[in-house]
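Colleague: Hey, dropping protein.txt in here, compact mmCIF, C-alpha atoms:
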# COMPACT_ATOMS: atom_id res chain seq x y z
CA MET I 295 246.93 -6.20 162.82
CA PRO I 296 244.99 -7.04 159.68
CA GLY I 297 243.49 -4.08 157.89
CA ARG I 298 239.98 -3.46 156.74
CA VAL I 299 238.87 -5.05 153.51
CA HIS I 300 237.02 -3.27 150.73
CA VAL I 301 233.89 -5.15 149.68
CA ILE I 302 231.35 -4.48 146.93
CA ALA I 303 228.01 -6.30 146.95
CA ILE I 304 224.49 -5.83 145.67
CA ILE I 305 222.27 -5.25 148.67
CA ASN I 306 218.52 -4.95 148.13
CA GLY I 307 219.12 -4.26 144.45
CA GLU I 308 221.65 -1.49 145.01
CA LYS I 309 225.40 -1.65 144.60
CA ARG I 310 226.92 -1.01 148.03
CA GLU I 311 230.55 -0.60 149.03
CA PHE I 312 231.85 -1.02 152.52
CA LEU I 313 234.99 -1.57 154.53
CA CYS I 314 235.02 -4.34 157.07
CA GLU I 315 237.40 -6.23 159.27
CA PRO I 316 237.76 -9.92 158.36
CA LEU I 317 236.28 -10.98 161.69
CA GLN I 318 233.08 -8.98 161.18
CA THR I 319 230.13 -11.14 160.24
CA LEU I 320 227.70 -10.16 157.53
CA LEU I 321 225.22 -9.49 160.34
CA GLU I 322 227.58 -6.99 161.96
CA VAL I 323 228.33 -5.37 158.63
CA LEU I 324 224.63 -4.96 157.86
CA ARG I 325 223.81 -3.50 161.26
CA ASP I 326 226.94 -1.54 162.19
CA GLU I 327 228.46 -0.48 158.87
CA LEU I 328 225.43 -0.19 156.60
CA LYS I 329 222.91 0.73 159.33
CA LEU I 330 220.47 -1.85 158.04
CA THR I 331 219.26 -2.69 161.52
CA GLY I 332 216.17 -4.60 160.44
CA THR I 333 218.19 -7.81 160.54
CA LYS I 334 218.37 -8.90 164.18
CA GLU I 335 220.98 -10.64 166.26
CA GLY I 336 219.69 -13.56 168.28
CA CYS I 337 222.02 -16.38 169.26
CA SER I 338 224.80 -15.26 166.92
CA ASN I 339 225.75 -18.88 166.39
CA GLY I 340 223.54 -20.26 163.66
CA ASN I 341 220.79 -21.72 165.80
CA CYS I 342 217.94 -19.20 165.97
CA GLY I 343 217.56 -17.76 162.46
CA ALA I 344 216.85 -14.19 163.67
CA CYS I 345 219.57 -12.89 161.34
CA SER I 346 218.27 -14.69 158.24
CA VAL I 347 218.87 -12.96 154.91
CA VAL I 348 218.74 -14.20 151.33
CA LEU I 349 222.20 -14.52 149.77
CA ASP I 350 222.35 -15.28 146.04
CA GLY I 351 218.80 -16.60 146.26
CA LEU I 352 219.42 -18.83 149.28
CA LEU I 353 218.29 -18.30 152.86
CA VAL I 354 221.30 -18.05 155.19
CA ASP I 355 222.11 -17.03 158.74
CA SER I 356 224.06 -13.78 158.35
CA CYS I 357 225.82 -14.41 161.69
CA LEU I 358 227.66 -17.34 160.12
CA VAL I 359 228.80 -15.56 156.99
CA LEU I 360 231.75 -13.19 157.08
CA GLY I 361 231.29 -9.74 155.60
CA VAL I 362 234.27 -10.36 153.33
CA GLU I 363 232.58 -13.46 151.93
CA VAL I 364 229.83 -11.45 150.21
CA GLU I 365 232.20 -9.69 147.81
CA GLY I 366 230.50 -9.71 144.41
CA ARG I 367 227.37 -11.38 145.73
CA SER I 368 223.79 -10.27 145.92
CA LEU I 369 221.67 -10.20 149.03
CA VAL I 370 218.22 -9.24 150.20
CA THR I 371 217.44 -8.15 153.74
CA ILE I 372 214.12 -7.31 155.38
CA GLU I 373 214.61 -3.70 154.23
CA GLY I 374 214.45 -4.92 150.63
CA LEU I 375 210.96 -6.34 150.91
CA MET I 376 208.81 -3.24 150.88
CA GLY I 377 207.76 -2.27 147.38
CA SER I 378 206.57 1.07 145.98
CA ASP I 379 203.04 0.03 146.91
CA GLY I 380 203.88 -0.40 150.58
CA LEU I 381 204.46 -3.40 152.79
CA HIS I 382 205.17 -6.82 151.32
CA PRO I 383 202.21 -9.24 151.62
CA LEU I 384 204.16 -11.21 154.23
CA GLN I 385 204.72 -8.08 156.31
CA LYS I 386 201.02 -7.24 156.08
CA ALA I 387 200.00 -10.76 156.99
CA PHE I 388 202.28 -10.76 160.05
CA LEU I 389 200.60 -7.56 161.23
CA GLU I 390 197.07 -8.69 160.48
CA ASN I 391 197.58 -12.06 162.16
CA ALA I 392 199.40 -10.63 165.18
CA ALA I 393 202.26 -12.98 164.36
CA LEU I 394 204.75 -11.15 166.53
CA GLN I 395 205.18 -10.11 170.10
CA CYS I 396 208.68 -8.93 170.97
CA GLY I 397 209.55 -8.83 167.27
CA ILE I 398 213.19 -9.96 167.40
CA CYS I 399 212.55 -13.10 165.38
CA THR I 400 210.16 -11.43 162.94
CA PRO I 401 212.54 -10.22 160.20
CA GLY I 402 214.18 -13.64 160.16
CA PHE I 403 210.83 -15.41 159.90
CA ILE I 404 209.66 -13.11 157.14
CA MET I 405 212.87 -13.66 155.15
CA ALA I 406 212.56 -17.42 155.68
CA ALA I 407 208.94 -17.32 154.55
CA LYS I 408 209.88 -15.25 151.53
CA ALA I 409 212.57 -17.76 150.54
CA LEU I 410 210.01 -20.55 150.88
CA LEU I 411 207.27 -18.82 148.89
CA ASP I 412 209.72 -17.82 146.15
CA LYS I 413 210.53 -21.50 145.78
CA LYS I 414 207.11 -22.91 146.52
CA PRO I 415 204.28 -20.37 146.24
CA ARG I 416 201.68 -22.87 147.47
CA ALA I 417 203.47 -24.49 150.38
CA THR I 418 201.33 -26.58 152.72
CA GLU I 419 201.15 -25.96 156.44
CA ALA I 420 203.43 -28.94 157.06
CA GLU I 421 205.94 -27.55 154.58
CA VAL I 422 205.83 -24.14 156.21
CA ARG I 423 206.46 -25.64 159.64
CA GLN I 424 209.26 -27.86 158.37
CA TRP I 425 210.90 -25.00 156.47
CA CYS I 426 210.82 -22.69 159.49
CA ALA I 427 212.65 -25.20 161.70
CA GLY I 428 215.68 -22.94 161.61
CA ASN I 429 213.82 -19.96 163.05
CA LEU I 430 213.07 -19.79 166.73
CA CYS I 431 210.39 -17.69 168.42
CA ARG I 432 210.12 -17.55 172.19
CA CYS I 433 206.84 -15.60 172.36
CA THR I 434 204.16 -16.63 169.91
CA GLY I 435 204.11 -20.40 170.12
CA TYR I 436 204.56 -20.34 166.31
CA ASP I 437 200.92 -20.90 165.42
CA LYS I 438 200.19 -17.30 164.48
CA ILE I 439 203.39 -17.14 162.45
CA VAL I 440 202.38 -20.19 160.46
CA ARG I 441 198.88 -18.77 159.97
CA ALA I 442 200.34 -15.47 158.79
CA ILE I 443 202.56 -17.19 156.23
CA LEU I 444 199.63 -19.23 154.93
CA ALA I 445 197.48 -16.08 154.76
CA ALA I 446 200.21 -14.25 152.83
CA GLU I 447 200.38 -17.15 150.42
CA LYS I 448 196.69 -16.73 149.62
CA SER I 449 197.07 -12.99 149.06
CA MET I 450 200.03 -13.32 146.68
CA MET P 97 230.21 -13.64 170.43
CA ILE P 98 233.18 -12.28 168.58
CA PRO P 99 236.03 -14.38 167.20
CA SER P 100 239.62 -13.41 167.90
CA ASN P 101 241.27 -11.45 165.15
CA PHE P 102 242.76 -13.14 162.13
CA GLU P 103 244.21 -12.38 158.75
CA TYR P 104 241.98 -13.37 155.86
CA PHE P 105 242.98 -14.83 152.50
CA ALA P 106 240.74 -15.71 149.59
CA PRO P 107 242.91 -17.70 147.17
CA LYS P 108 241.61 -18.24 143.65
CA SER P 109 243.16 -21.66 143.07
CA VAL P 110 244.03 -24.86 144.94
CA PRO P 111 247.82 -24.38 144.55
CA GLU P 112 247.49 -20.86 145.94
CA ALA P 113 245.52 -22.20 148.92
CA LEU P 114 248.08 -24.96 149.48
CA SER P 115 250.96 -22.54 149.57
CA LEU P 116 249.15 -20.53 152.26
CA LEU P 117 248.48 -23.69 154.28
CA ASN P 118 252.12 -24.61 153.93
CA LYS P 119 253.27 -21.19 155.00
CA TYR P 120 251.11 -20.92 158.11
CA GLN P 121 250.83 -24.61 159.07
CA GLU P 122 249.22 -24.98 162.53
CA ASP P 123 248.14 -21.32 162.70
CA VAL P 124 245.77 -21.54 159.77
CA LYS P 125 242.21 -22.77 159.35
CA VAL P 126 240.38 -23.43 156.10
CA LEU P 127 237.01 -21.71 155.70
CA ALA P 128 234.54 -23.54 153.45
CA GLY P 129 230.87 -22.93 154.31
CA GLY P 130 231.90 -21.67 157.74
CA HIS P 131 229.12 -23.45 159.59
CA SER P 132 231.47 -25.43 161.78
CA LEU P 133 234.47 -23.11 161.82
CA LEU P 134 232.74 -19.80 162.58
CA PRO P 135 230.76 -21.13 165.58
CA GLN P 136 234.00 -22.63 166.89
CA MET P 137 235.81 -19.34 166.44
CA LYS P 138 233.00 -17.40 168.08
CA LEU P 139 233.06 -19.74 171.06
CA ARG P 140 236.86 -19.36 171.04
CA LEU P 141 237.30 -23.09 170.69
CA ALA P 142 239.39 -22.16 167.67
CA ALA P 143 241.46 -19.02 167.30
CA PRO P 144 243.39 -19.29 164.04
CA LYS P 145 245.76 -16.45 163.19
CA TYR P 146 245.06 -16.97 159.51
CA VAL P 147 241.89 -18.01 157.70
CA VAL P 148 242.04 -19.32 154.15
CA ASP P 149 238.63 -18.98 152.51
CA ILE P 150 238.42 -21.59 149.75
CA GLY P 151 234.96 -20.39 148.73
CA ARG P 152 236.45 -18.35 145.86
CA ILE P 153 238.18 -21.32 144.26
CA PRO P 154 236.18 -22.32 141.21
CA GLY P 155 235.41 -25.94 140.45
CA LEU P 156 235.19 -27.39 143.96
CA ALA P 157 231.40 -27.74 144.08
CA TYR P 158 229.97 -30.48 141.89
CA ILE P 159 228.22 -33.83 141.87
CA LYS P 160 229.05 -36.07 138.94
CA GLU P 161 229.07 -39.66 137.87
CA ALA P 162 231.69 -41.38 135.76
CA ASP P 163 232.18 -45.14 135.31
CA GLY P 164 229.58 -45.78 138.00
CA LYS P 165 231.55 -43.84 140.60
CA ILE P 166 230.04 -40.70 142.06
CA SER P 167 232.38 -37.80 142.72
CA ILE P 168 231.43 -34.89 144.94
CA GLY P 169 233.41 -31.69 145.22
CA ALA P 170 234.32 -30.80 148.79
CA LEU P 171 232.58 -27.41 148.57
CA THR P 172 229.22 -28.91 147.61
CA THR P 173 226.57 -27.70 150.04
CA HIS P 174 224.23 -29.97 151.96
CA TYR P 175 221.38 -28.35 150.03
CA ALA P 176 222.94 -29.22 146.66
CA LEU P 177 223.33 -32.82 147.82
CA GLU P 178 219.82 -32.94 149.25
CA SER P 179 218.28 -31.72 146.01
CA SER P 180 220.44 -33.58 143.49
CA ALA P 181 218.35 -35.70 141.10
CA LEU P 182 221.43 -37.81 140.33
CA LEU P 183 221.91 -38.74 143.97
CA LYS P 184 218.21 -39.41 144.57
CA GLN P 185 218.44 -41.98 141.82
CA LYS P 186 221.93 -43.38 142.24
CA CYS P 187 222.81 -42.89 145.88
CA PRO P 188 219.74 -41.93 147.95
CA LEU P 189 221.68 -42.47 151.19
CA LEU P 190 223.51 -39.21 150.45
CA SER P 191 220.35 -37.19 149.71
CA GLU P 192 218.73 -38.57 152.84
CA THR P 193 221.71 -37.74 155.00
CA ALA P 194 221.90 -34.20 153.60
CA ALA P 195 218.20 -33.62 154.29
CA ALA P 196 218.69 -34.70 157.91
CA ILE P 197 221.28 -32.00 158.63
CA GLY P 198 220.43 -28.93 160.72
CA ASP P 199 217.93 -26.56 159.13
CA VAL P 200 217.41 -24.83 155.78
CA GLN P 201 219.86 -22.02 156.60
CA VAL P 202 222.57 -24.47 157.63
CA ARG P 203 222.04 -26.74 154.62
CA ASN P 204 222.21 -23.80 152.24
CA ARG P 205 225.67 -22.85 153.37
CA GLY P 206 227.36 -25.79 155.08
CA THR P 207 229.48 -28.09 152.91
CA ILE P 208 230.13 -31.82 152.93
CA GLY P 209 233.90 -31.30 152.87
CA GLY P 210 233.82 -28.84 155.74
CA SER P 211 231.71 -31.14 157.84
CA LEU P 212 233.94 -34.16 157.18
CA VAL P 213 237.17 -32.34 158.00
CA HIS P 214 235.61 -30.78 161.10
CA ALA P 215 234.75 -34.34 162.25
CA ASP P 216 232.23 -33.45 164.90
CA PRO P 217 231.46 -36.74 166.66
CA ALA P 218 227.72 -36.09 166.20
CA ALA P 219 227.82 -34.96 162.56
CA ASP P 220 225.82 -36.88 159.97
CA TRP P 221 228.19 -37.17 157.00
CA PRO P 222 230.77 -39.38 158.72
CA ALA P 223 228.18 -42.16 159.15
CA ALA P 224 227.17 -41.95 155.50
CA VAL P 225 230.68 -41.97 154.03
CA LEU P 226 231.60 -44.92 156.25
CA ALA P 227 228.57 -46.92 155.13
CA LEU P 228 229.32 -46.13 151.49
CA ASN P 229 233.04 -47.01 151.69
CA ALA P 230 233.82 -43.58 150.34
CA GLU P 231 237.30 -42.44 149.43
CA LEU P 232 238.43 -38.95 150.29
CA LYS P 233 240.80 -37.22 147.93
CA VAL P 234 243.18 -34.80 149.61
CA ILE P 235 245.78 -32.62 147.98
CA GLY P 236 248.98 -31.42 149.57
CA LYS P 237 252.00 -29.63 148.22
CA SER P 238 253.70 -32.89 147.31
CA GLY P 239 250.67 -34.22 145.48
CA GLU P 240 247.43 -36.04 145.89
CA ARG P 241 246.46 -39.00 148.06
CA THR P 242 243.30 -40.92 148.78
CA ILE P 243 242.15 -41.78 152.28
CA LYS P 244 239.50 -44.42 152.91
CA ALA P 245 236.59 -43.15 154.99
CA GLU P 246 237.39 -45.82 157.53
CA ASP P 247 240.89 -44.39 158.05
CA PHE P 248 239.82 -40.75 157.90
CA PHE P 249 238.25 -40.24 161.32
CA VAL P 250 241.00 -40.46 163.92
CA GLU P 251 239.54 -38.96 167.06
CA MET P 252 237.05 -36.32 168.17
CA MET P 253 237.48 -33.38 165.75
CA THR P 254 240.60 -35.03 164.35
CA THR P 255 241.04 -36.59 160.94
CA ALA P 256 243.90 -38.11 158.97
CA ILE P 257 244.22 -34.92 156.94
CA GLN P 258 247.32 -32.82 157.59
CA PRO P 259 247.12 -29.05 158.26
CA THR P 260 248.92 -28.52 154.94
CA GLU P 261 246.41 -30.58 152.97
CA LEU P 262 243.04 -29.79 151.46
CA LEU P 263 240.14 -32.20 151.05
CA THR P 264 238.93 -31.69 147.49
CA GLU P 265 236.69 -34.61 146.59
CA ILE P 266 234.56 -37.39 148.05
CA ARG P 267 234.29 -40.48 145.86
CA ILE P 268 231.57 -43.06 146.25
CA PRO P 269 232.20 -46.48 144.71
CA GLN P 270 229.46 -47.87 142.50
CA LEU P 271 226.71 -49.60 144.44
CA PRO P 272 225.94 -53.10 143.10
CA ALA P 273 222.46 -54.09 141.99
CA ARG P 274 220.15 -55.33 144.75
CA THR P 275 221.41 -52.74 147.22
CA GLY P 276 219.29 -50.87 149.73
CA SER P 277 220.31 -48.11 152.12
CA THR P 278 219.09 -45.55 154.59
CA TYR P 279 220.18 -42.99 157.17
CA LEU P 280 218.19 -42.85 160.38
CA LYS P 281 218.83 -40.46 163.18
CA MET P 282 217.58 -39.62 166.62
CA HIS P 283 218.35 -35.93 166.65
CA GLN P 284 218.94 -33.59 169.51
CA LYS P 285 215.89 -31.35 169.34
CA ALA P 286 217.58 -27.96 169.56
CA SER P 287 220.69 -28.46 167.44
CA GLY P 288 219.59 -31.20 165.08
CA PHE P 289 222.86 -33.04 165.75
CA ALA P 290 222.73 -36.81 166.11
CA ILE P 291 222.32 -38.38 169.51
CA VAL P 292 222.55 -41.53 167.43
CA GLY P 293 222.71 -41.66 163.64
CA VAL P 294 222.94 -44.90 161.69
CA ALA P 295 223.72 -45.17 157.99
CA ALA P 296 223.18 -48.67 156.67
CA ARG P 297 223.48 -50.28 153.30
CA VAL P 298 222.95 -53.91 152.39
CA THR P 299 223.50 -55.81 149.16
CA LEU P 300 221.71 -59.13 148.63
CA ASP P 301 222.15 -61.93 146.15
CA ALA P 302 219.22 -63.49 144.29
CA ASN P 303 218.42 -65.71 147.30
CA GLN P 304 218.12 -62.83 149.78
CA VAL P 305 221.52 -63.74 151.22
CA CYS P 306 223.54 -60.79 152.45
CA GLN P 307 226.50 -60.31 150.12
CA GLU P 308 227.72 -57.07 151.59
CA VAL P 309 226.67 -54.87 154.46
CA SER P 310 228.20 -51.74 155.92
CA ILE P 311 226.98 -49.69 158.83
CA GLY P 312 228.28 -46.29 159.91
CA ILE P 313 227.28 -44.99 163.32
CA THR P 314 227.67 -41.41 164.51
CA GLY P 315 226.88 -39.51 167.69
CA VAL P 316 227.64 -42.41 170.01
CA THR P 317 231.32 -42.11 170.76
CA SER P 318 234.24 -39.76 170.09
CA LYS P 319 234.19 -40.51 166.37
CA ALA P 320 231.91 -42.17 163.86
CA TYR P 321 232.64 -45.88 163.44
CA ARG P 322 231.77 -48.96 161.42
CA ALA P 323 229.66 -51.46 163.35
CA LYS P 324 231.89 -54.35 162.30
CA SER P 325 230.50 -56.95 164.69
CA VAL P 326 227.01 -56.39 163.31
CA GLU P 327 228.31 -56.56 159.75
CA ALA P 328 230.24 -59.79 160.40
CA GLU P 329 227.19 -61.40 161.90
CA LEU P 330 225.04 -60.60 158.88
CA ARG P 331 227.42 -61.26 156.00
CA GLY P 332 226.52 -64.51 154.24
CA LYS P 333 223.27 -64.85 156.14
CA LYS P 334 219.76 -64.77 154.80
CA LEU P 335 218.46 -61.40 155.92
CA ASP P 336 215.21 -61.30 157.82
CA SER P 337 213.87 -59.50 160.87
CA ALA P 338 215.11 -62.11 163.30
CA ALA P 339 218.67 -62.07 161.94
CA ILE P 340 218.72 -58.28 161.94
CA LYS P 341 217.34 -58.03 165.44
CA GLN P 342 219.97 -60.38 166.77
CA ALA P 343 222.88 -58.75 164.93
CA ALA P 344 221.84 -55.23 165.93
CA GLN P 345 222.50 -56.15 169.55
CA LYS P 346 226.19 -55.79 168.69
CA ALA P 347 225.93 -52.18 167.53
CA THR P 348 228.16 -50.89 170.31
CA ASP P 349 230.49 -53.88 170.69
CA GLY P 350 233.89 -52.56 171.71
CA ILE P 351 232.57 -49.00 171.85
CA GLU P 352 232.28 -46.82 174.90
CA ALA P 353 229.13 -44.76 174.41
CA LEU P 354 229.46 -41.15 175.54
CA ALA P 355 227.27 -39.58 178.17
CA ASP P 356 226.18 -35.94 178.10
CA LEU P 357 223.17 -33.92 179.18
CA HIS P 358 221.14 -35.20 176.24
CA ALA P 359 221.65 -38.93 176.77
CA SER P 360 223.36 -41.24 179.25
CA SER P 361 225.81 -43.85 178.03
CA GLU P 362 223.28 -46.65 178.58
CA TYR P 363 220.58 -44.77 176.69
CA ARG P 364 222.92 -44.06 173.77
CA SER P 365 223.92 -47.72 173.58
CA HIS P 366 220.28 -48.74 173.67
CA LEU P 367 219.38 -46.24 170.93
CA SER P 368 222.30 -47.49 168.83
CA ARG P 369 220.89 -51.01 168.89
CA VAL P 370 217.35 -49.82 168.14
CA TYR P 371 218.41 -47.50 165.31
CA THR P 372 220.76 -50.10 163.84
CA ARG P 373 217.90 -52.57 163.72
CA ARG P 374 215.52 -50.04 162.19
CA ALA P 375 218.08 -48.82 159.67
CA LEU P 376 218.90 -52.35 158.55
CA GLU P 377 215.22 -53.20 158.20
CA ALA P 378 214.60 -50.06 156.17
CA ALA P 379 217.66 -50.72 153.99
CA LEU P 380 216.48 -54.30 153.44
CA SER P 381 213.00 -53.13 152.44
CA ARG P 382 214.57 -50.88 149.81
CA VAL P 383 216.60 -53.54 148.04
CA LYS P 384 215.47 -53.65 144.43
Step by step, read the file and then write its structure as structure tokens.
Modeller:
Amino acid sequence: MPGRVHVIAIINGEKREFLCEPLQTLLEVLRDELKLTGTKEGCSNGNCGACSVVLDGLLVDSCLVLGVEVEGRSLVTIEGLMGSDGLHPLQKAFLENAALQCGICTPGFIMAAKALLDKKPRATEAEVRQWCAGNLCRCTGYDKIVRAILAAEKSM
Amino acid sequence: MIPSNFEYFAPKSVPEALSLLNKYQEDVKVLAGGHSLLPQMKLRLAAPKYVVDIGRIPGLAYIKEADGKISIGALTTHYALESSALLKQKCPLLSETAAAIGDVQVRNRGTIGGSLVHADPAADWPAAVLALNAELKVIGKSGERTIKAEDFFVEMMTTAIQPTELLTEIRIPQLPARTGSTYLKMHQKASGFAIVGVAARVTLDANQVCQEVSIGITGVTSKAYRAKSVEAELRGKKLDSAAIKQAAQKATDGIEALADLHASSEYRSHLSRVYTRRALEAALSRVK
């Protein structure tokens, strides 16, 4: 049987090394090997966006990337958002606007919102809604999430 | 959802990839962006013993123009195509098609080459490359060959490419002056895949007479197809709403529209006619 592969990647600004089997997704590597359990597993098939992370500056579903594929690449997960001065403005806004209920989709939404605001700091409501099409939430009805993202925008 | 086990290779060059494909033949799958292959593997619709990741091969992701022809590297992502200034100007049908695919996450990672070779009957790219008369460059151990888009899609999930070959480039012939195009799709709400997707491009002469027209339709049957009866009806005619409306009635001539839980066969056929008409009208309105 195939052996484990040695991978080096920059994760949340730090150089990390890990061993993974070729069939392990980046999501599994993050959660099971690196114990970065902030990234959640939803559908595991690229539909729900719960596992969203930022890979080389681009928002991706970590369930559809193999762990071995991130060799030499740089990624940011929800754990990488908090700064020395506490929660990221998006995290604060999600709390203040009660933009979560069960919370499974939240890290994915926050990473998606971060990728959007990095690209477009003054996104309109329509742009926020369009951008978040790849993230599903079964509790909130989305409205509070959108409001939280727009509130974070104002505070940044 | 866990795929069955496989051995992983990350070749650094096309010849290295080809020798792996040649060695493992039917037991190997090529990994590009992974957004068709990995879901298939997780659902156990595919269980390759070997996976050749071509993502480490430099020089397979590009969009360039030379002598009027546009060449696109097979590893170019939907996002790169969606955001290309060159395509917006020279071949907006491609940027429009890219923007209609899935969601941000999918577009950031999925590739045009991967999607074409996967040949999902509801994928968007097949319609666009058919309407643009694209040529697909594939490389095998014995050399390179070019397959016309029209000959590329053989059946559901089956293309003219051999297991030992690699799609490396998509070439779009120069579009003449006075050409207009569009891609219109009725998408399945959850997946974003096409229930019906129509890519249309028309070229007029100075008297509004249709010189050339090509229509690619996806989502309707087991593979994307050219709506040849519609094209034949319009070629040489003065294009107006009435002519388009009449010709669009032939959108599914000779085609058996599929039925699934999202749309019955009758509904799909109906949508094909409606979207063909709308796409042709939009293409016509864009002729400059």
Colleague: When distances are computed from all atoms listed in the file, which of I:Gly435, I:Gly428, I:Gly397, I:Gly366 shows the smallest separation from Cys342 of chain I?
Modeller: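 Counting all atoms listed in the file, the residue closest to Cys342 of chain I is I:Gly428.
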Colleague: When you get a sec, could you note down which chain I residues fall within 7 Å of chain P, using all atoms listed in the file, as a ChimeraX atom specification?
Modeller: /I:296,316-317,338-339,341,352-355,358-359,425,427-428
Colleague: Enter the distance from atom CA of Ala223 of chain P to atom CA of Val294 of chain P, in Å, rounded to one decimal.
Modeller: 6.4 Å
Colleague: Can you work out the spacing between atom CA of Lys319 of chain P and atom CA of Ile235 of chain P in Å, to one decimal?
Modeller: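 These atoms are spaced 23.1 Å apart.
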Colleague: For Leu280 of chain P, which residue among P:Glu122, P:Glu161, P:Glu178, P:Asp220 is the nearest when counting all atoms listed in the file?
Modeller: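 Of all the options, P:Asp220 lies closest to Leu280 of chain P.
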Colleague: Which polymer residues, protein or nucleic acid, are no farther than 10 Å from (218.9, -50.0, 170.7), counting all atoms listed in the file, as an MDAnalysis selection string?
Modeller: chainID P and resid 292 341 344:348 362:374
Colleague: Report, in Å with one decimal, the straight-line distance from atom CA of His283 of chain P to atom CA of Asp247 of chain P.
Modeller: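 Computing it gives 25.6 Å between the two atoms.
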Colleague: Please provide the set of residues having any atom within 8 Å of segment 353-360 of chain P, restricted to all atoms listed in the file, with same-chain residues fewer than 6 positions apart removed, written as a list in words.
Modeller: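 Using all atoms listed in the file, the neighbours found are Gln284, Ile291, Val316, Thr317 and Ser318 of chain P.
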Colleague: Please list as a ChimeraX atom specification every residue within 8 Å of Lys438 of chain I, counting only C-alpha atoms and excluding residues in the same chain fewer than 2 positions away.
Modeller: /I:391-394,434-436,440-442
Colleague: Here is a test: counting only C-alpha atoms, which residue of P:Leu127, P:Ile197, P:Val250, P:Leu380 is nearest to Leu360 of chain I?
Modeller: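 Nearest candidate to Leu360 of chain I out of P:Leu127, P:Ile197, P:Val250, P:Leu380: P:Leu127.
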Colleague: Need the neighbours of (247.1, -25.6, 145.6): which residues are at most 12 Å away, counting all atoms listed in the file, as number ranges by chain?
Modeller: P: 107-118, 148, 150, 153, 234-240, 260-264
Colleague: Just checking: using only C-alpha atoms, which residue out of I:Lys309, I:His300, I:Lys329, I:Lys413 ends up closest to Gly351 of chain I?
Modeller: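 With only C-alpha atoms as the atom set, the closest residue is I:Lys413.
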Colleague: Extract, using only C-alpha atoms, all DNA, RNA and protein residues at most 12 Å from Ser337 of chain P, discarding same-chain residues fewer than 2 positions from it, and format them as a tab-separated table (two decimals) with C-alpha atoms, in the coordinates of the input.
Modeller:
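part32.tsv was written with the following content:
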chain	number	residue	atom	x	y	z
P	330	LEU	CA	225.04	-60.60	158.88
P	333	LYS	CA	223.27	-64.85	156.14
P	334	LYS	CA	219.76	-64.77	154.80
P	335	LEU	CA	218.46	-61.40	155.92
P	339	ALA	CA	218.67	-62.07	161.94
P	340	ILE	CA	218.72	-58.28	161.94
P	341	LYS	CA	217.34	-58.03	165.44
P	342	GLN	CA	219.97	-60.38	166.77
P	343	ALA	CA	222.88	-58.75	164.93
P	344	ALA	CA	221.84	-55.23	165.93
P	373	ARG	CA	217.90	-52.57	163.72
P	374	ARG	CA	215.52	-50.04	162.19
P	375	ALA	CA	218.08	-48.82	159.67
P	376	LEU	CA	218.90	-52.35	158.55
P	377	GLU	CA	215.22	-53.20	158.20
P	378	ALA	CA	214.60	-50.06	156.17
P	379	ALA	CA	217.66	-50.72	153.99
P	380	LEU	CA	216.48	-54.30	153.44
P	381	SER	CA	213.00	-53.13	152.44
